[in-house]
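Structure file run-v1.txt (compact mmCIF, C-alpha atoms) follows.
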# COMPACT_ATOMS: atom_id res chain seq x y z
CA MET G 13 -29.44 21.88 -30.94
CA ASP G 14 -31.23 22.28 -27.62
CA THR G 15 -30.47 25.98 -27.23
CA GLY G 16 -31.69 27.41 -23.93
CA LYS G 17 -32.41 24.10 -22.24
CA ILE G 18 -30.73 23.37 -18.91
CA ALA G 19 -28.51 20.45 -17.87
CA VAL G 20 -27.32 19.79 -14.31
CA ILE G 21 -24.32 17.49 -13.82
CA VAL G 22 -23.78 16.47 -10.18
CA GLY G 23 -20.33 14.97 -9.67
CA VAL G 24 -18.05 16.73 -12.16
CA GLY G 25 -14.38 15.87 -12.32
CA PRO G 26 -11.84 14.87 -14.96
CA GLY G 27 -13.34 12.04 -16.93
CA LEU G 28 -17.05 11.45 -17.39
CA GLY G 29 -18.32 14.50 -15.50
CA CYS G 30 -16.16 16.77 -17.62
CA ALA G 31 -17.25 15.06 -20.84
CA LEU G 32 -20.94 15.28 -19.89
CA ALA G 33 -20.69 19.01 -19.23
CA GLN G 34 -18.93 19.54 -22.56
CA ARG G 35 -21.47 17.45 -24.51
CA PHE G 36 -24.52 19.27 -23.20
CA ALA G 37 -22.77 22.62 -23.71
CA HIS G 38 -22.00 21.56 -27.30
CA ALA G 39 -25.78 21.33 -27.81
CA GLU G 40 -25.94 25.00 -26.70
CA MET G 41 -27.57 24.09 -23.39
CA HIS G 42 -26.96 25.97 -20.17
CA VAL G 43 -24.91 23.69 -17.92
CA ALA G 44 -24.74 23.68 -14.11
CA LEU G 45 -21.55 21.91 -13.05
CA VAL G 46 -21.68 20.60 -9.48
CA ALA G 47 -18.93 19.27 -7.21
CA ARG G 48 -17.82 19.63 -3.62
CA ASP G 49 -14.79 21.71 -4.64
CA VAL G 50 -16.13 24.46 -6.89
CA LYS G 51 -12.66 25.91 -7.57
CA LYS G 52 -11.83 22.91 -9.72
CA LEU G 53 -14.81 23.69 -11.96
CA GLU G 54 -14.21 27.33 -12.82
CA GLY G 55 -12.12 26.68 -15.92
CA LEU G 56 -14.48 24.02 -17.22
CA ALA G 57 -17.50 26.25 -16.58
CA ALA G 58 -15.85 28.92 -18.74
CA ASP G 59 -15.24 26.32 -21.47
CA CYS G 60 -18.97 25.45 -21.36
CA THR G 61 -20.05 29.05 -21.95
CA GLY G 62 -20.91 30.29 -25.44
CA VAL G 63 -22.93 32.92 -27.25
CA HIS G 64 -26.26 31.22 -26.58
CA HIS G 65 -25.53 29.28 -23.41
CA ALA G 66 -23.83 29.59 -20.03
CA GLY G 67 -21.78 27.28 -17.83
CA ARG G 68 -21.98 27.87 -14.09
CA ALA G 69 -20.13 26.11 -11.28
CA TYR G 70 -21.82 25.23 -7.99
CA ALA G 71 -20.42 23.78 -4.78
CA CYS G 72 -22.53 21.07 -3.14
CA ASP G 73 -22.15 17.96 -1.00
CA ALA G 74 -24.80 15.71 -2.52
CA THR G 75 -25.23 13.85 0.78
CA ASP G 76 -26.31 17.04 2.59
CA GLU G 77 -30.07 17.56 2.21
CA ALA G 78 -30.00 21.30 2.92
CA MET G 79 -27.18 21.86 0.43
CA VAL G 80 -29.00 19.92 -2.29
CA GLU G 81 -32.19 21.91 -1.77
CA ALA G 82 -30.21 25.17 -1.87
CA LEU G 83 -28.39 23.98 -5.01
CA PHE G 84 -31.61 23.55 -6.98
CA GLN G 85 -32.99 26.84 -5.72
CA ASN G 86 -29.84 28.59 -6.94
CA ILE G 87 -29.92 26.84 -10.31
CA ARG G 88 -33.56 27.79 -10.83
CA ARG G 89 -32.76 31.40 -9.92
CA ASP G 90 -29.71 31.59 -12.19
CA LEU G 91 -30.70 29.42 -15.15
CA GLY G 92 -34.26 28.12 -14.77
CA GLU G 93 -35.87 24.73 -14.22
CA PRO G 94 -33.54 21.88 -15.29
CA ASP G 95 -34.48 19.78 -18.30
CA VAL G 96 -31.96 17.02 -17.55
CA VAL G 97 -30.23 16.14 -14.28
CA VAL G 98 -27.37 13.63 -14.15
CA TYR G 99 -26.25 12.06 -10.87
CA ASN G 100 -22.64 11.08 -11.49
CA ALA G 101 -21.21 11.28 -7.96
CA GLY G 102 -19.58 8.24 -6.41
CA ARG G 103 -17.06 7.10 -3.85
CA PHE G 104 -15.12 3.86 -3.69
CA ALA G 105 -12.61 2.76 -1.09
CA PRO G 106 -11.34 -0.75 -2.02
CA ALA G 107 -10.73 -2.83 1.07
CA SER G 108 -11.24 -6.20 2.63
CA LEU G 109 -14.55 -6.54 4.41
CA LEU G 110 -12.56 -7.43 7.53
CA ASP G 111 -10.71 -4.11 7.44
CA THR G 112 -13.59 -1.79 6.51
CA SER G 113 -14.69 0.69 9.15
CA ARG G 114 -18.32 1.57 9.73
CA GLU G 115 -17.54 5.20 8.93
CA GLU G 116 -16.00 4.44 5.54
CA PHE G 117 -18.76 2.00 4.60
CA GLU G 118 -21.42 4.56 5.47
CA ARG G 119 -19.62 7.33 3.61
CA CYS G 120 -19.48 5.27 0.42
CA TRP G 121 -23.17 4.40 0.73
CA ARG G 122 -24.12 8.03 1.37
CA VAL G 123 -22.35 9.24 -1.78
CA GLY G 124 -23.32 6.24 -3.89
CA CYS G 125 -27.00 6.02 -2.96
CA LEU G 126 -28.31 8.64 -0.52
CA GLY G 127 -26.98 11.48 -2.67
CA GLY G 128 -28.79 10.02 -5.67
CA PHE G 129 -32.03 10.03 -3.70
CA LEU G 130 -31.62 13.64 -2.54
CA VAL G 131 -30.66 14.93 -5.99
CA GLY G 132 -33.25 12.80 -7.79
CA ARG G 133 -36.02 13.91 -5.44
CA ALA G 134 -35.14 17.60 -5.79
CA ALA G 135 -35.01 17.29 -9.57
CA ALA G 136 -38.28 15.37 -9.76
CA ARG G 137 -40.15 17.82 -7.54
CA GLY G 138 -39.23 20.72 -9.79
CA MET G 139 -40.09 18.84 -12.98
CA VAL G 140 -43.47 17.73 -11.63
CA GLU G 141 -44.34 21.22 -10.40
CA ARG G 142 -43.42 22.70 -13.78
CA GLY G 143 -45.78 20.33 -15.58
CA GLY G 144 -44.87 20.01 -19.26
CA PRO G 145 -42.55 19.25 -20.96
CA GLY G 146 -41.41 16.80 -18.31
CA GLY G 147 -37.68 16.21 -17.94
CA THR G 148 -34.95 13.57 -17.75
CA ILE G 149 -33.07 12.19 -14.72
CA LEU G 150 -30.03 9.98 -15.37
CA PHE G 151 -28.02 7.92 -12.89
CA THR G 152 -24.49 6.61 -13.41
CA GLY G 153 -24.17 2.96 -12.43
CA ALA G 154 -21.35 0.42 -12.70
CA THR G 155 -20.65 -3.29 -12.99
CA ALA G 156 -21.10 -3.27 -9.21
CA SER G 157 -24.74 -2.23 -9.73
CA LEU G 158 -25.38 -5.82 -10.85
CA ARG G 159 -23.01 -7.93 -8.77
CA GLY G 160 -20.81 -7.57 -5.74
CA SER G 161 -17.21 -8.75 -5.94
CA ALA G 162 -14.63 -9.40 -3.24
CA GLY G 163 -13.26 -6.11 -2.00
CA TYR G 164 -15.96 -4.09 -3.77
CA HIS G 165 -18.67 -4.05 -1.08
CA ASN G 166 -18.15 -0.32 -0.49
CA LEU G 167 -19.07 0.31 -4.12
CA ALA G 168 -21.64 -2.43 -4.73
CA VAL G 169 -23.99 -1.65 -1.84
CA GLY G 170 -24.44 1.97 -2.90
CA LYS G 171 -24.72 1.11 -6.60
CA PHE G 172 -27.25 -1.66 -5.96
CA GLY G 173 -29.35 0.85 -4.04
CA LEU G 174 -29.00 3.52 -6.71
CA ARG G 175 -30.24 1.10 -9.35
CA ALA G 176 -33.27 0.19 -7.22
CA LEU G 177 -33.95 3.89 -6.69
CA ALA G 178 -33.86 4.50 -10.45
CA GLN G 179 -36.31 1.63 -11.06
CA SER G 180 -38.78 2.92 -8.46
CA MET G 181 -38.49 6.50 -9.70
CA ALA G 182 -39.07 5.44 -13.30
CA ARG G 183 -42.25 3.57 -12.42
CA GLU G 184 -43.62 6.50 -10.43
CA LEU G 185 -42.49 9.36 -12.67
CA GLN G 186 -42.79 7.97 -16.19
CA PRO G 187 -46.61 8.40 -16.17
CA LYS G 188 -45.94 12.06 -15.29
CA GLY G 189 -43.79 12.47 -18.41
CA ILE G 190 -40.42 12.29 -16.68
CA HIS G 191 -37.79 9.98 -18.16
CA VAL G 192 -35.60 8.19 -15.59
CA ALA G 193 -32.72 6.05 -16.81
CA HIS G 194 -29.83 4.13 -15.24
CA VAL G 195 -26.56 3.60 -17.12
CA VAL G 196 -24.34 0.62 -16.29
CA LEU G 197 -20.71 1.42 -17.09
CA ASP G 198 -18.94 -1.92 -17.36
CA GLY G 199 -15.21 -1.23 -17.51
CA HIS G 200 -12.60 1.37 -16.66
CA ILE G 201 -13.17 4.94 -17.83
CA ARG G 202 -10.25 6.66 -19.49
CA PRO G 203 -9.35 9.94 -17.73
CA GLN G 204 -10.12 13.11 -19.62
CA SER G 205 -8.99 16.66 -19.05
CA PRO G 206 -10.92 19.82 -20.01
CA GLY G 207 -10.60 20.60 -23.70
CA GLN G 208 -10.13 16.99 -24.88
CA LEU G 209 -13.62 16.55 -26.36
CA GLY G 210 -13.25 15.87 -30.06
CA GLY G 211 -9.47 15.66 -29.82
CA ALA G 212 -7.10 13.13 -31.33
CA PRO G 213 -8.26 9.49 -31.32
CA GLN G 214 -7.01 7.40 -28.42
CA SER G 215 -6.92 3.72 -27.57
CA ASP G 216 -10.42 2.21 -27.54
CA ASP G 217 -9.78 -0.56 -25.00
CA MET G 218 -11.19 1.64 -22.21
CA LEU G 219 -14.50 3.46 -21.96
CA ASP G 220 -14.17 6.79 -23.75
CA PRO G 221 -15.75 9.60 -21.65
CA ALA G 222 -16.85 11.48 -24.77
CA ALA G 223 -18.56 8.37 -26.18
CA ILE G 224 -20.34 7.76 -22.86
CA ALA G 225 -21.43 11.40 -22.77
CA GLU G 226 -22.89 11.04 -26.25
CA ALA G 227 -24.98 8.08 -25.05
CA TYR G 228 -26.29 10.16 -22.13
CA TYR G 229 -27.21 12.98 -24.49
CA GLN G 230 -29.09 10.58 -26.75
CA LEU G 231 -31.01 9.25 -23.74
CA PHE G 232 -32.06 12.84 -23.05
CA ARG G 233 -33.15 13.23 -26.68
CA GLN G 234 -35.23 10.04 -26.83
CA PRO G 235 -38.88 10.45 -27.79
CA ARG G 236 -41.22 9.26 -25.05
CA SER G 237 -42.71 6.63 -27.37
CA ALA G 238 -39.42 4.68 -27.05
CA TRP G 239 -37.71 5.39 -23.74
CA THR G 240 -34.75 3.36 -22.50
CA HIS G 241 -34.69 2.73 -18.76
CA GLU G 242 -31.38 0.87 -18.48
CA LEU G 243 -28.42 1.08 -20.81
CA ASP G 244 -25.15 -0.81 -20.44
CA LEU G 245 -21.91 0.38 -22.03
CA ARG G 246 -18.54 -1.36 -22.20
CA PRO G 247 -15.43 -1.32 -24.43
CA TRP G 248 -15.21 -4.04 -27.02
CA THR G 249 -12.40 -5.77 -25.08
CA GLU G 250 -14.39 -6.09 -21.84
CA PRO G 251 -15.51 -9.68 -20.99
CA PHE G 252 -19.09 -10.07 -19.78
Transcribe the structure of this file into structure tokens.
Amino acid sequence: MDTGKIAVIVGVGPGLGCALAQRFAHAEMHVALVARDVKKLEGLAADCTGVHHAGRAYACDATDEAMVEALFQNIRRDLGEPDVVVYNAGRFAPASLLDTSREEFERCWRVGCLGGFLVGRAAARGMVERGGPGGTILFTGATASLRGSAGYHNLAVGKFGLRALAQSMARELQPKGIHVAHVVLDGHIRPQSPGQLGGAPQSDDMLDPAAIAEAYYQLFRQPRSAWTHELDLRPWTEPF
């Protein structure tokens, strides 16, 4: 158990964000659940609260610098300095390149990449200022982090940038004791609703949110003598 430690999940919704919050709460960690619409998080925040740990919901647009800075100030005031921060926000609008507007392209890039920079920077500043025991920053990537496909430019450009950001952050922050990792999710994620963690087995031909969340938790738990920077996960049926 990691009782009393603090996890921040930016980009919580049904699916992976929900599973991540539940997994860190299961380790008796305080969990800050972050999304643009905080009302959707209230029930899940309650589910993540126990005798030794609290779940708190926060509203934030990760592409807004002032909101991100205020978010981390509020989390530090309410819970303390985060031990692990996960950037799980993303936006994808499938379309032909010929039909994509500048506004939609920019919006996808802002959520996919700029938000990762703002959240990652805020997290890193706090971890560096705290000194020991360091911290962990995790970024959610995708198949599009590695290659762009027809109709997926709105996703690939942001994910390519997020992966580059993670690489640069790791090289700068690892000597300071901060673990930065990027997770490539290769395949479709099965939707998950609050309360499903540990429920009845389901088909395993899609990425299981609970299984992904377990991998994120193990990244957080890794000793610094054997850190993973990039991890790729896919269901056994996925061609690659």
Subject >> Within 10 Å of Asp217 in chain G using all atoms listed in the file, minus same-chain residues under 6 positions, as a VMD selection string >> reply: chain G and resid 199 to 202 246 to 250
Could you save those same residues with C-alpha atoms as a compact mmCIF listing (two decimals), in the coordinates of the input?
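See part_3.txt below for the written result:
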# COMPACT_ATOMS: atom_id res chain seq x y z
CA GLY G 199 -15.21 -1.23 -17.51
CA HIS G 200 -12.60 1.37 -16.66
CA ILE G 201 -13.17 4.94 -17.83
CA ARG G 202 -10.25 6.66 -19.49
CA ARG G 246 -18.54 -1.36 -22.20
CA PRO G 247 -15.43 -1.32 -24.43
CA TRP G 248 -15.21 -4.04 -27.02
CA THR G 249 -12.40 -5.77 -25.08
CA GLU G 250 -14.39 -6.09 -21.84
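The smallest atom-to-atom distance between Asp90 in chain G and any of G:Cys30, G:Leu150, G:Leu109, G:Val43, using only C-alpha atoms, is found for G:Val43.
Candidate residues G:Tyr229, G:Tyr99, G:Phe84, G:Phe117 were compared for distance to Ala71 in chain G, and the nearest is G:Phe84, using only C-alpha atoms.
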**OP:** Find the residues near Val169 in chain G: any atom within 10 Å, counting only C-alpha atoms, skip ones fewer than 3 places away on the same chain, and give them as number ranges by chain.
**Re:** G: 117-118, 120-121, 124-125, 156-157, 159-160, 164-166, 172-174
Suppose we keep C-alpha atoms; can you now write the selection as a PDB file, in the coordinates of the input?
ATOM      1  CA  PHE G 117     -18.760   2.000   4.600  1.00  0.00           C
ATOM      2  CA  GLU G 118     -21.420   4.560   5.470  1.00  0.00           C
ATOM      3  CA  CYS G 120     -19.480   5.270   0.420  1.00  0.00           C
ATOM      4  CA  TRP G 121     -23.170   4.400   0.730  1.00  0.00           C
ATOM      5  CA  GLY G 124     -23.320   6.240  -3.890  1.00  0.00           C
ATOM      6  CA  CYS G 125     -27.000   6.020  -2.960  1.00  0.00           C
ATOM      7  CA  ALA G 156     -21.100  -3.270  -9.210  1.00  0.00           C
ATOM      8  CA  SER G 157     -24.740  -2.230  -9.730  1.00  0.00           C
ATOM      9  CA  ARG G 159     -23.010  -7.930  -8.770  1.00  0.00           C
ATOM     10  CA  GLY G 160     -20.810  -7.570  -5.740  1.00  0.00           C
ATOM     11  CA  TYR G 164     -15.960  -4.090  -3.770  1.00  0.00           C
ATOM     12  CA  HIS G 165     -18.670  -4.050  -1.080  1.00  0.00           C
ATOM     13  CA  ASN G 166     -18.150  -0.320  -0.490  1.00  0.00           C
ATOM     14  CA  PHE G 172     -27.250  -1.660  -5.960  1.00  0.00           C
ATOM     15  CA  GLY G 173     -29.350   0.850  -4.040  1.00  0.00           C
ATOM     16  CA  LEU G 174     -29.000   3.520  -6.710  1.00  0.00           C
TER      17      LEU G 174
END
Original post:
Hey, which of G:Phe36, G:Val140, G:Gly128, G:Ala47 ends up closest to Lys188 in chain G? Count all atoms listed in the file.
Top reply: G:Val140
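In terms of minimum interatomic distance to Ser237 in chain G, G:Pro187 ranks closest within G:Lys52, G:Phe252, G:Pro187, G:Phe104, counting only C-alpha atoms.
Considering the residues G:Ala154, G:Met13, G:Val131, G:Ala222 and counting only C-alpha atoms, His194 in chain G has its shortest atom-to-atom contact with G:Ala154.
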**OP:** Record the distance separating CA of His64 in chain G and CA of Val195 in chain G, expressed in Å with one decimal.
**Re:** 29.2 Å
